[in-house]
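The file target30.cif contains mmCIF, C-alpha atoms:
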data_query
#
loop_
_atom_site.label_atom_id
_atom_site.label_comp_id
_atom_site.auth_asym_id
_atom_site.auth_seq_id
_atom_site.Cartn_x
_atom_site.Cartn_y
_atom_site.Cartn_z
CA MET A 236 152.60 88.11 104.97
CA LEU A 237 149.81 86.86 102.72
CA ASP A 238 151.87 87.38 99.56
CA SER A 239 153.54 83.97 99.96
CA VAL A 240 150.23 82.10 100.34
CA PRO A 241 149.08 80.25 97.18
CA ASN A 242 145.98 81.74 95.56
CA ILE A 243 144.04 78.49 95.94
CA ILE A 244 144.37 78.94 99.72
CA LEU A 245 144.38 82.73 99.78
CA GLY A 246 140.99 82.99 98.07
CA PRO A 247 139.00 80.97 100.63
CA ILE A 248 140.90 82.52 103.57
CA SER A 249 140.23 86.07 102.40
CA PHE A 250 136.61 85.21 101.67
CA ILE A 251 136.13 83.85 105.21
CA GLY A 252 137.73 87.04 106.51
CA LEU A 253 135.23 89.13 104.57
CA VAL A 254 132.34 87.03 105.89
CA PHE A 255 133.48 87.59 109.48
CA ALA A 256 133.93 91.29 108.70
CA SER A 257 130.31 91.44 107.54
CA TRP A 258 129.16 89.93 110.82
CA CYS A 259 131.10 92.58 112.74
CA VAL A 260 129.62 95.36 110.63
CA GLY A 261 126.11 93.93 111.06
CA GLU A 262 126.48 93.72 114.83
CA GLY A 263 127.84 97.25 115.04
CA GLY A 264 125.10 98.60 112.81
CA GLU A 265 122.41 96.94 114.91
CA ILE A 266 123.79 98.48 118.13
CA LEU A 267 124.26 101.98 116.71
CA GLY A 268 120.94 101.80 114.89
CA LYS A 269 119.15 101.90 118.23
CA LYS A 270 120.72 105.28 118.97
CA TYR A 271 121.07 107.04 115.61
CA ASP A 272 119.25 107.58 112.31
CA ALA A 273 119.10 104.42 110.17
CA SER A 274 119.78 106.37 106.96
CA VAL A 275 123.10 107.66 108.33
CA ILE A 276 124.29 104.42 109.95
CA GLY A 277 123.20 102.29 106.99
CA GLY A 278 123.35 104.63 104.01
CA LEU A 279 126.69 106.26 104.79
CA ILE A 280 128.82 104.46 107.39
CA ILE A 281 128.02 100.79 106.72
CA ALA A 282 127.54 101.42 102.99
CA TRP A 283 131.06 102.80 102.69
CA LEU A 284 132.57 99.94 104.68
CA ASN A 285 130.89 97.48 102.32
CA THR A 286 131.62 99.45 99.15
CA ALA A 287 135.34 99.74 99.94
CA PRO A 288 136.30 96.33 98.43
CA GLU A 289 134.40 97.04 95.22
CA ALA A 290 135.87 100.54 94.99
CA ILE A 291 139.38 99.08 95.36
CA PHE A 292 138.54 96.38 92.85
CA PHE A 293 137.15 98.97 90.43
CA ILE A 294 140.01 101.47 90.67
CA THR A 295 142.66 98.72 90.53
CA ALA A 296 141.19 97.50 87.25
CA LEU A 297 141.17 101.04 85.81
CA VAL A 298 144.75 101.74 86.90
CA SER A 299 145.85 98.50 85.21
CA SER A 300 144.05 99.63 82.01
CA ASN A 301 141.35 96.97 82.20
CA PRO A 302 138.12 98.96 81.79
CA ARG A 303 136.08 95.91 80.75
CA PHE A 304 136.78 94.28 84.09
CA ALA A 305 135.98 97.53 85.92
CA VAL A 306 132.64 97.97 84.15
CA GLY A 307 131.70 94.35 84.72
CA ALA A 308 132.59 94.65 88.40
CA VAL A 309 130.62 97.83 89.14
CA SER A 310 127.67 96.69 87.02
CA GLY A 311 127.65 93.18 88.45
CA SER A 312 128.00 94.31 92.06
CA THR A 313 125.19 96.85 91.67
CA ILE A 314 122.92 94.26 90.11
CA VAL A 315 123.63 91.75 92.89
CA VAL A 316 122.95 94.36 95.59
CA CYS A 317 119.72 95.63 93.99
CA THR A 318 118.33 92.14 93.34
CA VAL A 319 119.84 89.37 95.49
CA ALA A 320 120.78 91.36 98.61
CA LEU A 321 117.72 93.63 98.58
CA GLY A 322 115.47 90.71 97.69
CA ALA A 323 116.82 88.72 100.64
CA CYS A 324 116.25 91.69 102.94
CA LEU A 325 112.62 92.08 101.83
CA TRP A 326 111.79 88.39 101.74
CA ILE A 327 113.29 87.52 105.13
CA GLY A 328 112.31 90.78 106.84
CA ALA A 329 108.68 90.64 105.73
CA SER A 330 108.41 86.92 106.47
CA ALA A 331 109.65 87.50 110.03
CA ARG A 332 106.84 89.96 110.80
CA SER A 333 103.30 88.99 111.71
CA SER A 334 101.93 91.63 109.32
CA LYS A 335 104.09 90.16 106.51
CA ASN A 336 105.07 93.65 105.35
CA ILE A 337 107.72 96.30 105.98
CA LEU A 338 107.30 100.02 106.65
CA LEU A 339 110.31 102.11 105.57
CA GLN A 340 111.24 105.29 107.41
CA PRO A 341 110.82 108.59 105.48
CA GLN A 342 114.61 109.09 105.39
CA VAL A 343 115.13 105.69 103.79
CA LYS A 344 112.34 106.27 101.26
CA ARG A 345 114.00 109.59 100.44
CA GLN A 346 117.23 107.71 99.71
CA CYS A 347 115.30 105.49 97.29
CA LEU A 348 114.12 108.63 95.49
CA ILE A 349 117.69 109.97 95.41
CA LEU A 350 118.82 106.66 93.89
CA ALA A 351 116.33 107.12 91.07
CA ALA A 352 117.59 110.66 90.46
CA SER A 353 121.22 109.51 90.56
CA LEU A 354 120.63 107.32 87.52
CA VAL A 355 120.77 110.50 85.43
CA VAL A 356 124.56 110.30 85.84
CA THR A 357 124.70 106.67 84.71
CA VAL A 358 122.36 107.26 81.77
CA SER A 359 124.45 110.28 80.72
CA LEU A 360 127.56 108.09 80.76
CA ILE A 361 125.77 105.59 78.51
CA LEU A 362 124.63 108.29 76.08
CA PHE A 363 127.76 110.46 75.93
CA GLY A 364 130.57 108.11 76.90
CA PHE A 365 133.66 109.42 78.67
CA ASN A 366 132.90 113.06 79.37
CA MET A 367 134.33 115.56 81.86
CA ILE A 368 130.87 116.94 82.65
CA VAL A 369 129.59 113.45 83.48
CA GLY A 370 132.59 112.87 85.74
CA VAL A 371 132.08 116.12 87.62
CA ALA A 372 128.33 115.49 87.87
CA GLY A 373 128.93 112.09 89.46
CA VAL A 374 131.24 113.48 92.14
CA VAL A 375 129.04 116.51 92.86
CA PHE A 376 125.86 114.41 93.08
CA TYR A 377 127.46 112.04 95.57
CA ALA A 378 128.73 114.94 97.68
CA GLY A 379 125.18 116.33 97.67
CA PHE A 380 123.84 112.95 98.77
CA ILE A 381 126.19 112.94 101.77
CA VAL A 382 125.16 116.48 102.76
CA ASP A 383 121.47 115.64 102.36
CA SER A 384 121.77 112.48 104.47
CA LEU A 385 123.59 114.27 107.28
CA SER A 386 121.09 117.15 107.28
CA GLN A 387 118.01 114.96 107.66
CA LYS A 388 116.32 115.10 111.05
CA ALA A 389 116.44 111.81 112.91
CA PRO A 390 113.07 110.16 113.69
CA GLU A 391 111.56 110.31 117.16
CA PRO A 392 113.20 107.72 119.41
CA ASP A 393 111.83 104.30 119.44
CA VAL A 394 108.19 104.68 120.45
CA LYS A 395 106.69 103.89 117.05
CA GLY A 396 109.56 101.61 116.18
CA HIS A 397 108.93 99.64 119.37
CA GLU A 398 105.25 99.23 118.46
CA HIS A 399 106.29 97.68 115.16
CA ASP A 400 108.72 95.41 117.00
CA VAL A 401 105.98 94.23 119.36
CA GLU A 402 104.02 93.27 116.26
CA SER A 403 106.85 90.99 115.15
CA GLY A 404 107.18 89.41 118.58
CA VAL A 405 110.79 90.40 119.27
CA GLU A 406 110.38 93.05 121.93
CA GLU A 407 112.10 91.03 124.68
CA GLU A 408 115.19 90.41 122.61
CA ASP A 409 115.33 94.05 121.51
CA GLU A 410 115.15 95.24 125.12
CA HIS A 411 118.09 93.00 125.95
CA ASP A 412 120.08 94.31 122.97
CA GLU A 413 119.53 97.92 124.06
CA GLU A 414 121.90 97.31 126.98
CA ALA A 415 124.86 97.26 124.58
CA PRO A 416 126.79 100.56 124.80
CA VAL A 417 127.52 102.75 121.79
CA SER A 418 131.24 102.09 122.22
CA LYS A 419 130.65 98.39 121.56
CA GLY A 420 128.92 99.22 118.29
CA VAL A 421 131.81 101.48 117.27
CA VAL A 422 134.32 98.70 118.08
CA PHE A 423 132.38 96.24 115.92
CA LEU A 424 132.25 98.69 113.00
CA VAL A 425 135.95 99.55 113.27
CA ALA A 426 136.89 95.86 113.47
CA GLY A 427 134.72 95.09 110.45
CA GLY A 428 136.22 97.97 108.49
CA VAL A 429 139.78 96.88 109.29
CA LEU A 430 139.03 93.30 108.24
CA ILE A 431 137.43 94.48 105.00
CA CYS A 432 140.51 96.55 104.16
CA ALA A 433 142.83 93.68 105.12
CA PHE A 434 141.11 90.93 103.13
CA SER A 435 139.63 92.77 100.14
CA LYS A 436 142.90 93.15 98.20
CA PRO A 437 143.99 89.50 98.63
CA PHE A 438 140.53 88.38 97.59
CA ILE A 439 140.60 90.59 94.48
CA GLU A 440 144.06 89.30 93.53
CA SER A 441 142.93 85.68 93.91
CA VAL A 442 139.91 86.34 91.66
CA VAL A 443 142.09 87.95 88.98
CA GLU A 444 144.55 85.07 89.18
CA ALA A 445 141.71 82.57 88.84
CA ALA A 446 140.49 84.39 85.73
CA SER A 447 143.94 84.23 84.15
CA SER A 448 144.58 80.58 84.98
CA MET A 449 141.18 79.39 83.74
CA ASP A 450 141.20 81.67 80.67
CA VAL A 451 137.77 83.00 81.64
CA ASN A 452 136.33 86.06 79.92
CA PRO A 453 137.06 88.82 82.50
CA ILE A 454 133.72 90.59 82.14
CA LEU A 455 131.77 87.35 82.65
CA LEU A 456 133.85 86.52 85.70
CA ALA A 457 133.35 90.04 87.02
CA PHE A 458 129.58 89.79 86.52
CA PHE A 459 128.98 86.40 88.13
CA LEU A 460 131.71 85.20 90.48
CA ALA A 461 133.35 88.39 91.72
CA PRO A 462 130.14 90.38 92.41
CA VAL A 463 128.37 87.58 94.27
CA ALA A 464 131.50 86.90 96.34
CA SER A 465 132.35 90.55 96.99
CA GLU A 466 128.74 91.33 97.87
CA MET A 467 128.47 88.36 100.22
CA PRO A 468 129.10 90.62 103.26
CA GLU A 469 126.13 92.81 102.29
CA ILE A 470 123.95 89.77 101.60
CA LEU A 471 124.84 88.27 104.98
CA GLU A 472 124.31 91.60 106.73
CA SER A 473 120.88 91.94 105.13
CA VAL A 474 119.93 88.47 106.35
CA SER A 475 121.35 89.11 109.84
CA LEU A 476 119.61 92.46 110.28
CA ALA A 477 116.30 91.45 108.71
CA ARG A 478 115.81 87.98 110.21
CA LYS A 479 114.38 89.29 113.52
CA GLY A 480 111.75 91.41 111.78
CA ASN A 481 112.91 94.50 113.70
CA THR A 482 111.77 97.66 111.86
CA GLN A 483 114.87 99.70 112.67
CA ASN A 484 117.26 96.92 111.66
CA ILE A 485 115.44 96.35 108.37
CA ASN A 486 115.64 100.08 107.63
CA ILE A 487 119.38 100.04 108.35
CA ALA A 488 119.83 97.10 105.97
CA MET A 489 117.76 98.82 103.26
CA SER A 490 119.61 102.11 103.70
CA ASN A 491 122.95 100.30 103.50
CA LEU A 492 122.03 98.67 100.18
CA ILE A 493 120.52 101.84 98.67
CA GLY A 494 123.35 104.09 99.89
CA GLY A 495 126.00 101.74 98.51
CA THR A 496 124.22 101.67 95.16
CA ILE A 497 124.14 105.48 95.00
CA THR A 498 127.93 105.44 95.49
CA LYS A 499 128.27 103.32 92.37
CA THR A 500 125.74 105.13 90.18
CA THR A 501 127.38 108.50 90.91
CA LEU A 502 130.90 108.50 92.35
CA LEU A 503 132.23 105.35 90.64
CA CYS A 504 130.61 106.27 87.32
CA GLY A 505 132.23 109.69 87.62
CA ILE A 506 135.63 108.13 88.35
CA PHE A 507 135.18 105.81 85.37
CA SER A 508 134.56 108.81 83.14
CA PHE A 509 137.67 110.59 84.45
CA PHE A 510 139.84 107.51 83.86
CA GLY A 511 138.37 107.07 80.39
CA ILE A 512 139.44 110.59 79.44
CA ASN A 513 142.85 110.45 81.11
CA LYS A 514 143.83 107.00 79.80
CA GLU A 515 142.02 107.44 76.46
CA PHE A 516 139.96 104.28 76.84
CA GLN A 517 137.79 103.31 73.90
CA TRP A 518 134.08 102.99 74.63
CA GLU A 519 133.42 99.30 73.94
CA SER A 520 129.96 98.87 72.49
CA PRO A 521 127.81 96.96 73.11
CA ALA A 522 129.66 95.52 76.16
CA PHE A 523 129.85 98.73 78.22
CA THR A 524 126.43 99.93 77.11
CA ILE A 525 124.61 96.69 77.93
CA SER A 526 126.29 96.33 81.33
CA LEU A 527 125.33 99.85 82.37
CA VAL A 528 121.79 99.58 80.97
CA LEU A 529 121.23 96.44 83.05
CA LEU A 530 122.61 98.33 86.05
CA VAL A 531 120.06 101.10 85.46
CA ILE A 532 117.20 98.59 85.16
CA CYS A 533 118.03 96.90 88.47
CA ALA A 534 118.76 100.13 90.38
CA SER A 535 115.54 101.76 89.13
CA SER A 536 113.55 98.67 90.13
CA ALA A 537 115.01 98.84 93.64
CA SER A 538 114.25 102.55 93.95
CA ILE A 539 110.65 102.12 92.73
CA ILE A 540 109.98 99.29 95.19
CA GLY A 541 111.40 101.35 98.05
CA TYR A 542 109.75 104.66 97.22
CA ALA A 543 106.53 104.02 95.31
CA PHE A 544 105.04 101.35 97.56
CA THR A 545 103.69 102.26 100.99
CA ARG A 546 104.72 98.89 102.37
CA GLN A 547 107.07 96.26 101.03
CA THR A 548 106.34 92.52 101.10
CA LYS A 549 108.21 89.31 100.42
CA TYR A 550 106.75 89.29 96.90
CA HIS A 551 108.79 92.37 96.08
CA GLY A 552 111.80 90.34 97.13
CA LEU A 553 110.67 87.46 94.92
CA PHE A 554 110.38 89.87 91.98
CA LEU A 555 113.96 91.03 92.54
CA PHE A 556 115.21 87.42 92.59
CA ALA A 557 113.48 86.81 89.26
CA LEU A 558 114.96 90.02 87.88
CA PHE A 559 118.46 88.84 88.77
CA ILE A 560 117.96 85.62 86.82
CA ALA A 561 116.62 87.49 83.79
CA VAL A 562 119.40 90.09 83.86
CA GLY A 563 122.05 87.43 84.45
CA LEU A 564 120.95 85.43 81.42
CA THR A 565 120.85 88.59 79.30
CA GLN A 566 124.35 89.57 80.36
CA TYR A 567 125.76 86.09 79.84
CA LEU A 568 124.23 85.53 76.41
CA THR A 569 125.08 89.04 75.20
CA ASN A 570 128.71 88.94 76.29
CA ALA A 571 129.13 85.40 75.00
CA SER A 572 127.94 86.49 71.56
CA VAL A 573 130.21 89.54 71.63
CA GLU A 574 133.18 87.37 72.58
CA ASP A 575 132.42 84.94 69.73
CA LYS A 576 132.23 87.85 67.29
CA LEU A 577 135.57 89.25 68.43
CA GLN A 578 137.22 85.86 68.13
CA ALA A 579 135.82 85.40 64.62
CA GLU A 580 137.12 88.82 63.56
CA ALA A 581 140.52 88.06 65.04
CA ALA A 582 140.66 84.76 63.13
CA LEU A 583 139.93 86.53 59.82
CA THR A 584 142.74 89.00 60.38
#
As structure tokens, please, write out the structure in this file.
Amino acid sequence: MLDSVPNIILGPISFIGLVFASWCVGEGGEILGKKYDASVIGGLIIAWLNTAPEAIFFITALVSSNPRFAVGAVSGSTIVVCTVALGACLWIGASARSSKNILLQPQVKRQCLILAASLVVTVSLILFGFNMIVGVAGVVFYAGFIVDSLSQKAPEPDVKGHEHDVESGVEEEDEHDEEAPVSKGVVFLVAGGVLICAFSKPFIESVVEAASSMDVNPILLAFFLAPVASEMPEILESVSLARKGNTQNINIAMSNLIGGTITKTTLLCGIFSFFGINKEFQWESPAFTISLVLLVICASSASIIGYAFTRQTKYHGLFLFALFIAVGLTQYLTNASVEDKLQAEAALT
């Protein structure tokens, strides 16, 4: 039905659909987070709902033999999540609390440590290029992450969490929210997932069409416009969950962002390696290398902030915002110079 809609209309419509989907996912996550472990609700269920559009975007680009767009998309989306989305979560969450800091649950801190370890897969891809061992390692590591997350013991129900919520002055609202049944949370998550699946493909197609019509360098478009837009649901969810200063909700938001990043540093990097071998892609240096190195820098920064610090403050969020600007400028200037070099070589031939 949407195929006949012009891209100039389809883009905004699909984007609005994704924004509403993010609200549904955030509401469902908040309800279920009161009953279940934050690292499972955020790091697995919500993370996969949010990562679905990027995974589709990524695989579609690889199937159409456009690895530059795929690398730019996965690198750009990871950078946006680890800087803008995580920074917003820390800044807003810490600011909403009277103590002006955040205490992460042990399960969520463990996920931050796993994220740091997962970067071995990404670094191996940078060093060795398309390699079957790297591909297998990415898939196996992600499977291990799922098993580890499901095997973790859930924290004791809400006594300590409630004390933290009293500190932030939101206990009355939280008590009211607890009346929502689990089924309502499931309905919100299912509705959000359906909307994400329905609107992600039209949104991706409108972005690709925009790139073609404006003759924009695909990797630059993938790094700036597509990642920020495709990660808008996660950014909005982080703001929605963190704005009340509720400890459990902030942990769900953090786990969502960290879990989604682990998917990209392991599973998607492994898939990229498999496609590179099967389709005989050439490793484009320095474009691929720089994009993935910047991914590693941002993901490692996020993992260090989450794991190494006892408590997180809004200044950690401010640091991540600054990191996004620095990385964005590096990516833009580097790819612009590479593009100029390629055009000059083409002109000589």
- Task: Determine the residue set returned by the PyMOL selection byres ((chain A and resi 560) around 12) for the present structure, and present it as a VMD selection string.
- Result: chain A and resid 314 to 315 318 to 319 459 529 533 553 to 559 561 to 567
May I have the residues from that selection written out with C-alpha atoms, as a JSON list (two decimals), in the frame of the given file?
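Saved the output as again-v1.json:
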[["chain", "number", "residue", "atom", "x", "y", "z"],
["A", 314, "ILE", "CA", 122.92, 94.26, 90.11],
["A", 315, "VAL", "CA", 123.63, 91.75, 92.89],
["A", 318, "THR", "CA", 118.33, 92.14, 93.34],
["A", 319, "VAL", "CA", 119.84, 89.37, 95.49],
["A", 459, "PHE", "CA", 128.98, 86.40, 88.13],
["A", 529, "LEU", "CA", 121.23, 96.44, 83.05],
["A", 533, "CYS", "CA", 118.03, 96.90, 88.47],
["A", 553, "LEU", "CA", 110.67, 87.46, 94.92],
["A", 554, "PHE", "CA", 110.38, 89.87, 91.98],
["A", 555, "LEU", "CA", 113.96, 91.03, 92.54],
["A", 556, "PHE", "CA", 115.21, 87.42, 92.59],
["A", 557, "ALA", "CA", 113.48, 86.81, 89.26],
["A", 558, "LEU", "CA", 114.96, 90.02, 87.88],
["A", 559, "PHE", "CA", 118.46, 88.84, 88.77],
["A", 561, "ALA", "CA", 116.62, 87.49, 83.79],
["A", 562, "VAL", "CA", 119.40, 90.09, 83.86],
["A", 563, "GLY", "CA", 122.05, 87.43, 84.45],
["A", 564, "LEU", "CA", 120.95, 85.43, 81.42],
["A", 565, "THR", "CA", 120.85, 88.59, 79.30],
["A", 566, "GLN", "CA", 124.35, 89.57, 80.36],
["A", 567, "TYR", "CA", 125.76, 86.09, 79.84]]
- Query: Got a sec: who's within 6 Å of A:Gly328, counting only C-alpha atoms, leaving out chain neighbours fewer than 3 positions off, as an MDAnalysis selection string?
  - Reply: chainID A and resid 324:325 331 477:478 480
Dump of C-alpha atoms for the selected residues, as a short mmCIF file (atom, residue, chain, number, x, y, z; two decimals), keeping the file's coordinate frame:
data_model
loop_
_atom_site.label_atom_id
_atom_site.label_comp_id
_atom_site.auth_asym_id
_atom_site.auth_seq_id
_atom_site.Cartn_x
_atom_site.Cartn_y
_atom_site.Cartn_z
CA CYS A 324 116.25 91.69 102.94
CA LEU A 325 112.62 92.08 101.83
CA ALA A 331 109.65 87.50 110.03
CA ALA A 477 116.30 91.45 108.71
CA ARG A 478 115.81 87.98 110.21
CA GLY A 480 111.75 91.41 111.78
#
- Task: Please write as a VMD selection string the full residue list that the PyMOL selection byres ((chain A and resi 274) around 9) yields on this file.
- Result: chain A and resid 271 to 273 275 to 279 340 342 to 343 346 384 to 385 387 389 486 to 487 489 to 491 494
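Straight-line separation from atom CA of A:Ala329 to atom CA of A:Leu253: 26.6 Å.
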- Item | atom CA of A:Gly495 to atom CA of A:Ile532, straight-line distance in Å | 16.3 Å
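One finds atom CA of A:Leu362 at 19.3 Å from atom CA of A:Thr569.
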- Could you tell me which residues the PyMOL selection byres ((chain A and resi 499-514) around 10) returns for this structure, as a VMD selection string? chain A and resid 286 289 to 290 293 to 294 297 to 298 300 302 305 to 306 309 to 310 312 to 313 350 to 360 364 to 378 380 494 to 498 515 to 518 527 530 to 531 534
Can those selected residues be exported to a file as a PDB file, in the frame of the given file so that it contains C-alpha atoms?
ATOM      1  CA  THR A 286     131.620  99.450  99.150  1.00  0.00           C
ATOM      2  CA  GLU A 289     134.400  97.040  95.220  1.00  0.00           C
ATOM      3  CA  ALA A 290     135.870 100.540  94.990  1.00  0.00           C
ATOM      4  CA  PHE A 293     137.150  98.970  90.430  1.00  0.00           C
ATOM      5  CA  ILE A 294     140.010 101.470  90.670  1.00  0.00           C
ATOM      6  CA  LEU A 297     141.170 101.040  85.810  1.00  0.00           C
ATOM      7  CA  VAL A 298     144.750 101.740  86.900  1.00  0.00           C
ATOM      8  CA  SER A 300     144.050  99.630  82.010  1.00  0.00           C
ATOM      9  CA  PRO A 302     138.120  98.960  81.790  1.00  0.00           C
ATOM     10  CA  ALA A 305     135.980  97.530  85.920  1.00  0.00           C
ATOM     11  CA  VAL A 306     132.640  97.970  84.150  1.00  0.00           C
ATOM     12  CA  VAL A 309     130.620  97.830  89.140  1.00  0.00           C
ATOM     13  CA  SER A 310     127.670  96.690  87.020  1.00  0.00           C
ATOM     14  CA  SER A 312     128.000  94.310  92.060  1.00  0.00           C
ATOM     15  CA  THR A 313     125.190  96.850  91.670  1.00  0.00           C
ATOM     16  CA  LEU A 350     118.820 106.660  93.890  1.00  0.00           C
ATOM     17  CA  ALA A 351     116.330 107.120  91.070  1.00  0.00           C
ATOM     18  CA  ALA A 352     117.590 110.660  90.460  1.00  0.00           C
ATOM     19  CA  SER A 353     121.220 109.510  90.560  1.00  0.00           C
ATOM     20  CA  LEU A 354     120.630 107.320  87.520  1.00  0.00           C
ATOM     21  CA  VAL A 355     120.770 110.500  85.430  1.00  0.00           C
ATOM     22  CA  VAL A 356     124.560 110.300  85.840  1.00  0.00           C
ATOM     23  CA  THR A 357     124.700 106.670  84.710  1.00  0.00           C
ATOM     24  CA  VAL A 358     122.360 107.260  81.770  1.00  0.00           C
ATOM     25  CA  SER A 359     124.450 110.280  80.720  1.00  0.00           C
ATOM     26  CA  LEU A 360     127.560 108.090  80.760  1.00  0.00           C
ATOM     27  CA  GLY A 364     130.570 108.110  76.900  1.00  0.00           C
ATOM     28  CA  PHE A 365     133.660 109.420  78.670  1.00  0.00           C
ATOM     29  CA  ASN A 366     132.900 113.060  79.370  1.00  0.00           C
ATOM     30  CA  MET A 367     134.330 115.560  81.860  1.00  0.00           C
ATOM     31  CA  ILE A 368     130.870 116.940  82.650  1.00  0.00           C
ATOM     32  CA  VAL A 369     129.590 113.450  83.480  1.00  0.00           C
ATOM     33  CA  GLY A 370     132.590 112.870  85.740  1.00  0.00           C
ATOM     34  CA  VAL A 371     132.080 116.120  87.620  1.00  0.00           C
ATOM     35  CA  ALA A 372     128.330 115.490  87.870  1.00  0.00           C
ATOM     36  CA  GLY A 373     128.930 112.090  89.460  1.00  0.00           C
ATOM     37  CA  VAL A 374     131.240 113.480  92.140  1.00  0.00           C
ATOM     38  CA  VAL A 375     129.040 116.510  92.860  1.00  0.00           C
ATOM     39  CA  PHE A 376     125.860 114.410  93.080  1.00  0.00           C
ATOM     40  CA  TYR A 377     127.460 112.040  95.570  1.00  0.00           C
ATOM     41  CA  ALA A 378     128.730 114.940  97.680  1.00  0.00           C
ATOM     42  CA  PHE A 380     123.840 112.950  98.770  1.00  0.00           C
ATOM     43  CA  GLY A 494     123.350 104.090  99.890  1.00  0.00           C
ATOM     44  CA  GLY A 495     126.000 101.740  98.510  1.00  0.00           C
ATOM     45  CA  THR A 496     124.220 101.670  95.160  1.00  0.00           C
ATOM     46  CA  ILE A 497     124.140 105.480  95.000  1.00  0.00           C
ATOM     47  CA  THR A 498     127.930 105.440  95.490  1.00  0.00           C
ATOM     48  CA  GLU A 515     142.020 107.440  76.460  1.00  0.00           C
ATOM     49  CA  PHE A 516     139.960 104.280  76.840  1.00  0.00           C
ATOM     50  CA  GLN A 517     137.790 103.310  73.900  1.00  0.00           C
ATOM     51  CA  TRP A 518     134.080 102.990  74.630  1.00  0.00           C
ATOM     52  CA  LEU A 527     125.330  99.850  82.370  1.00  0.00           C
ATOM     53  CA  LEU A 530     122.610  98.330  86.050  1.00  0.00           C
ATOM     54  CA  VAL A 531     120.060 101.100  85.460  1.00  0.00           C
ATOM     55  CA  ALA A 534     118.760 100.130  90.380  1.00  0.00           C
TER      56      ALA A 534
END
- Item | Residue among A:Val528, A:Leu339, A:Cys317, A:Ile431 lying closest to A:Gly552, counting all atoms listed in the file |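 When distances to A:Gly552 are compared using all atoms listed in the file, the smallest one comes from A:Cys317.
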Tell me which protein, DNA and RNA residues are within 12 Å of A:Ile291, counting only C-alpha atoms, leaving out same-chain ones fewer than 6 positions away, and put them as a PDB file with C-alpha atoms, keeping the file's coordinate frame.
ATOM      1  CA  TRP A 283     131.060 102.800 102.690  1.00  0.00           C
ATOM      2  CA  LEU A 284     132.570  99.940 104.680  1.00  0.00           C
ATOM      3  CA  ASN A 285     130.890  97.480 102.320  1.00  0.00           C
ATOM      4  CA  LEU A 297     141.170 101.040  85.810  1.00  0.00           C
ATOM      5  CA  VAL A 298     144.750 101.740  86.900  1.00  0.00           C
ATOM      6  CA  ALA A 305     135.980  97.530  85.920  1.00  0.00           C
ATOM      7  CA  ALA A 308     132.590  94.650  88.400  1.00  0.00           C
ATOM      8  CA  VAL A 309     130.620  97.830  89.140  1.00  0.00           C
ATOM      9  CA  ILE A 431     137.430  94.480 105.000  1.00  0.00           C
ATOM     10  CA  CYS A 432     140.510  96.550 104.160  1.00  0.00           C
ATOM     11  CA  ALA A 433     142.830  93.680 105.120  1.00  0.00           C
ATOM     12  CA  PHE A 434     141.110  90.930 103.130  1.00  0.00           C
ATOM     13  CA  SER A 435     139.630  92.770 100.140  1.00  0.00           C
ATOM     14  CA  LYS A 436     142.900  93.150  98.200  1.00  0.00           C
ATOM     15  CA  PRO A 437     143.990  89.500  98.630  1.00  0.00           C
ATOM     16  CA  PHE A 438     140.530  88.380  97.590  1.00  0.00           C
ATOM     17  CA  ILE A 439     140.600  90.590  94.480  1.00  0.00           C
ATOM     18  CA  GLU A 440     144.060  89.300  93.530  1.00  0.00           C
ATOM     19  CA  SER A 465     132.350  90.550  96.990  1.00  0.00           C
ATOM     20  CA  LEU A 503     132.230 105.350  90.640  1.00  0.00           C
TER      21      LEU A 503
END
